[in-house]
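Enquirer: Just dropping this structure here.
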Amino acid sequence: MHRIDAANWYTVTKFSDDVRLISELHITEFYRCNIWHVRGSESDALIDSGMGVVSLREQVPLVTEKMCQAIASHTHFDHIGCHHEFDHRCVHKAEAEILSQPSRQSTLADPYVNDEIFTALPPAPYMSTSYAVKSAPASRLLEDGDVINLGNRRLEVIHTPGHSPGGIALWEAATATLFSGDIVYDGPLIEDTYHANAQDYYNSMLRLYDFPVQTVHGGHFASYGRERHKQIIRAWLDSH
C-alpha cells in the first residue's frame, strides 16, 4: 500500500455556524473519526482529534488561530490521537486515566489498528504494529451538565455512557446542534467493546431521543437532522 504525504492527510469542510469538519480521508469510513472544530468569539473547541498519525497543528492551521479546547468525546484511539498537541484538554472524569495513561488495549488500538483500516498509509515512519496514542493528561475534568464556554457559544456536556464509561455528547441549545460522539451516529453502532455497558447504552439512547435537535454531528459518518435522529434511536431501542 502506498503512503500519503502529511500535507494531503487532512481535508476541511465548512458547515454553517462556523463549524468545520476535519477529516482523515485515507482512513476507511467506519474507522474515520469526525473531528469537529467549533469557532467561538473567545476560544475555539476541537471535539476529538483523530488518530494522531499526522500532526493536526502542523497541517491544519485552523486549529492554531485561537486558544483551542481539545475535548474528548471518549478515549478510543481514533478520537484522541492529537490531544497531546493542545494545552487545554477536556475529558469526562471516568476516562481521565486513559487520556493520561493510554494503552493499546484501553484505547482499542488493540485489536483494531492494522494496515487494513487505511486506503493509503500515513507518512513514514508510521507502522501499525507500533502505533500508540501519546499521553495527554486533562487540564479539565468534565461532568454531566458542565458548560464549555467559547464566548458567544456554550456547549453543554451530556454524559452518555454505554459505548464507553466516560462518553459525552455536547449540546448547543442556541443552534439546536448535538455533537453526539460515538453513542449515536448514522452508521453501525459499536456496543461490544471491552468497557461498553448495555444498560448504560440503553439509558443514554432514551435520554437523547427527545432532544429537540435540528442538526446532529456524530463521531463517524454523515451529519443528519431531527427526523433521522429519531429514526435511528427508535430503531435501535426497538431492537434492544
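Convention: chains lettered A, B, ... in C-alpha cells order; per-chain residue numbering from 1; ligands numbered from 1 as shown.
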Mind listing the strand (DSSP E or B) residues of range 4-103 of chain A, per DSSP on the backbone, as a list of chain:residue names?
Expert: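 The residues of range 4-103 of chain A classed as strand (DSSP E or B) are A:Tyr10, A:Thr11, A:Val12, A:Thr13, A:Lys14, A:Val19, A:Arg20, A:Leu21, A:Ile22, A:Ser23, A:Glu24, A:Ile27, A:Ile35, A:Trp36, A:His37, A:Val38, A:Asp44, A:Ala45, A:Leu46, A:Ile47, A:Cys68, A:Gln69, A:Ala70, A:Ile71, A:His88, A:Arg89, A:Cys90, A:Val91, A:His92.
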Enquirer: Output as a PyMOL selection string all residues of range 69-240 of chain A that backbone DSSP marks as alpha helix (DSSP H).
Expert: chain A and resi 77-80+96-100+109-112+198-209+226-238
Enquirer: For the residues in that selection, give me C-alpha atoms as a PDB file, in the first residue's frame.
Expert:
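What follows is the written file again11.pdb:
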```pdb
ATOM      1  CA  PHE A  77      -7.625   5.728  19.633  1.00  0.00           C
ATOM      2  CA  ASP A  78      -9.399   7.279  16.661  1.00  0.00           C
ATOM      3  CA  HIS A  79     -10.647  10.204  18.774  1.00  0.00           C
ATOM      4  CA  ILE A  80      -7.680  11.348  20.908  1.00  0.00           C
ATOM      5  CA  ALA A  96      -9.281  10.754  32.613  1.00  0.00           C
ATOM      6  CA  GLU A  97      -6.874   7.945  33.445  1.00  0.00           C
ATOM      7  CA  ILE A  98      -6.967   6.598  29.895  1.00  0.00           C
ATOM      8  CA  LEU A  99      -6.221  10.029  28.404  1.00  0.00           C
ATOM      9  CA  SER A 100      -3.306  10.375  30.807  1.00  0.00           C
ATOM     10  CA  ALA A 109      -5.842   0.279  19.206  1.00  0.00           C
ATOM     11  CA  ASP A 110      -5.503  -3.402  20.007  1.00  0.00           C
ATOM     12  CA  PRO A 111      -7.177  -5.126  18.120  1.00  0.00           C
ATOM     13  CA  TYR A 112      -8.442  -2.552  15.595  1.00  0.00           C
ATOM     14  CA  ALA A 198     -25.586  -2.425  27.639  1.00  0.00           C
ATOM     15  CA  GLN A 199     -27.843  -0.843  30.251  1.00  0.00           C
ATOM     16  CA  ASP A 200     -25.938   2.447  30.166  1.00  0.00           C
ATOM     17  CA  TYR A 201     -26.166   2.447  26.375  1.00  0.00           C
ATOM     18  CA  TYR A 202     -29.946   1.956  26.511  1.00  0.00           C
ATOM     19  CA  ASN A 203     -30.385   4.731  29.070  1.00  0.00           C
ATOM     20  CA  SER A 204     -28.245   7.139  27.042  1.00  0.00           C
ATOM     21  CA  MET A 205     -30.266   6.458  23.897  1.00  0.00           C
ATOM     22  CA  LEU A 206     -33.500   7.056  25.794  1.00  0.00           C
ATOM     23  CA  ARG A 207     -32.159  10.358  27.041  1.00  0.00           C
ATOM     24  CA  LEU A 208     -31.090  11.574  23.602  1.00  0.00           C
ATOM     25  CA  TYR A 209     -34.286  10.523  21.828  1.00  0.00           C
ATOM     26  CA  ARG A 226     -34.147  15.743  13.622  1.00  0.00           C
ATOM     27  CA  GLU A 227     -36.263  13.174  11.776  1.00  0.00           C
ATOM     28  CA  ARG A 228     -33.304  10.893  11.070  1.00  0.00           C
ATOM     29  CA  HIS A 229     -32.132  11.274  14.682  1.00  0.00           C
ATOM     30  CA  LYS A 230     -35.415   9.925  15.991  1.00  0.00           C
ATOM     31  CA  GLN A 231     -35.478   7.152  13.367  1.00  0.00           C
ATOM     32  CA  ILE A 232     -32.022   5.909  14.299  1.00  0.00           C
ATOM     33  CA  ILE A 233     -32.698   5.869  18.036  1.00  0.00           C
ATOM     34  CA  ARG A 234     -36.225   4.454  17.740  1.00  0.00           C
ATOM     35  CA  ALA A 235     -34.994   1.569  15.576  1.00  0.00           C
ATOM     36  CA  TRP A 236     -32.132   0.910  17.998  1.00  0.00           C
ATOM     37  CA  LEU A 237     -34.399   0.958  21.069  1.00  0.00           C
ATOM     38  CA  ASP A 238     -36.914  -1.344  19.394  1.00  0.00           C
TER      39      ASP A 238
END
```
Enquirer: What does the structure give for the distance between CA of Glu143 in chain A and CA of Ile158 in chain A, in Å to one decimal?
Expert: 7.9 Å
Enquirer: Counting only C-alpha atoms, what is within 10 Å of Ala176 in chain A, bar same-chain residues fewer than 4 positions away, as a PyMOL selection string?
Expert: chain A and resi 171-172+211-216+226
Enquirer: Choose the residue, out of A:Pro102, A:Thr129, A:Ile117, A:Cys68, that has the smallest atom-to-atom separation from Gly40 in chain A; count only C-alpha atoms.
Expert: A:Cys68
Enquirer: Taking into account only C-alpha atoms, which residue in the set A:Asp115, A:Gly166, A:Asp210, A:Leu46 is nearest to Asp87 in chain A?
Expert: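 Checking each of A:Asp115, A:Gly166, A:Asp210, A:Leu46 against Asp87 in chain A, counting only C-alpha atoms, the winner is A:Leu46.
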Enquirer: Can you work out which one of A:Arg3, A:Arg154, A:Arg89, A:His76 has the shortest atom-to-atom distance to Met127 in chain A, counting only C-alpha atoms?
Expert: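 Smallest distance to Met127 in chain A is found for A:Arg3.
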Enquirer: Can you list, as a compact mmCIF listing (two decimals) with C-alpha atoms, in the first residue's frame, every protein, DNA or RNA residue that comes within 12 Å of Leu155 in chain A when you count only C-alpha atoms, leaving out same-chain residues fewer than 3 positions away?
Expert:
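Done, and the output landed in result-v6.txt:
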```
# COMPACT_ATOMS: atom_id res chain seq x y z
CA VAL A 38 -16.25 24.98 16.53
CA ARG A 39 -15.22 28.63 16.36
CA GLY A 40 -16.15 30.90 19.27
CA ASP A 44 -12.45 27.53 19.85
CA ALA A 45 -13.38 23.93 20.57
CA LEU A 46 -11.92 20.86 18.91
CA ILE A 47 -14.20 17.89 19.51
CA GLN A 69 -10.02 23.49 23.91
CA ILE A 71 -12.44 17.89 24.02
CA LEU A 142 -15.95 17.14 32.77
CA ASP A 144 -22.79 15.95 33.15
CA GLY A 145 -24.21 19.48 32.96
CA ASP A 146 -20.89 21.28 32.73
CA VAL A 147 -20.65 24.07 30.18
CA ILE A 148 -17.76 24.73 27.82
CA ASN A 149 -17.82 28.49 27.24
CA LEU A 150 -16.42 29.74 23.93
CA GLY A 151 -17.59 33.33 24.48
CA ASN A 152 -20.58 33.64 22.17
CA ILE A 158 -24.25 15.45 28.23
CA ILE A 168 -20.07 12.52 26.25
CA ALA A 169 -22.15 14.46 23.76
CA LEU A 170 -22.12 18.25 23.52
CA TRP A 171 -25.36 20.21 23.17
CA GLU A 172 -25.54 23.73 21.80
CA ALA A 173 -29.09 24.82 22.64
CA ALA A 174 -28.89 28.11 20.75
CA THR A 175 -28.47 26.31 17.42
CA ALA A 176 -30.15 23.02 18.42
CA THR A 177 -26.94 21.22 17.47
CA LEU A 178 -25.79 17.97 19.07
CA PHE A 179 -22.22 16.74 18.75
CA SER A 180 -23.01 13.14 19.65
```
Enquirer: I want to know what sits within 10 Å of Thr64 in chain A, based on only C-alpha atoms, with residues of the same chain fewer than 6 positions away left out; could you give that as JSON, numbers by chain?
Expert: {"A": [44, 56, 57, 58, 86]}
Enquirer: With C-alpha atoms retained, could you export that selection as a compact mmCIF listing (two decimals), in the first residue's frame?
Expert:
```txt
# COMPACT_ATOMS: atom_id res chain seq x y z
CA ASP A 44 -12.45 27.53 19.85
CA LEU A 56 -3.12 18.44 13.32
CA ARG A 57 -1.35 21.60 14.47
CA GLU A 58 1.22 21.40 11.67
CA PHE A 86 -3.06 21.07 22.75
```
Enquirer: How many Å lie between CA of His83 in chain A and CA of Ser49 in chain A, rounded to one decimal?
Expert: 6.1 Å
Enquirer: Separation of CA of Thr11 in chain A and CA of Ile35 in chain A, in Å?
Expert: 10.4 Å
Enquirer: Extract, using only C-alpha atoms, all DNA, RNA and protein residues at most 7 Å from His220 in chain A, discarding same-chain residues fewer than 6 positions from it, and format them as an MDAnalysis selection string.
Expert: chainID A and resid 32:34 185
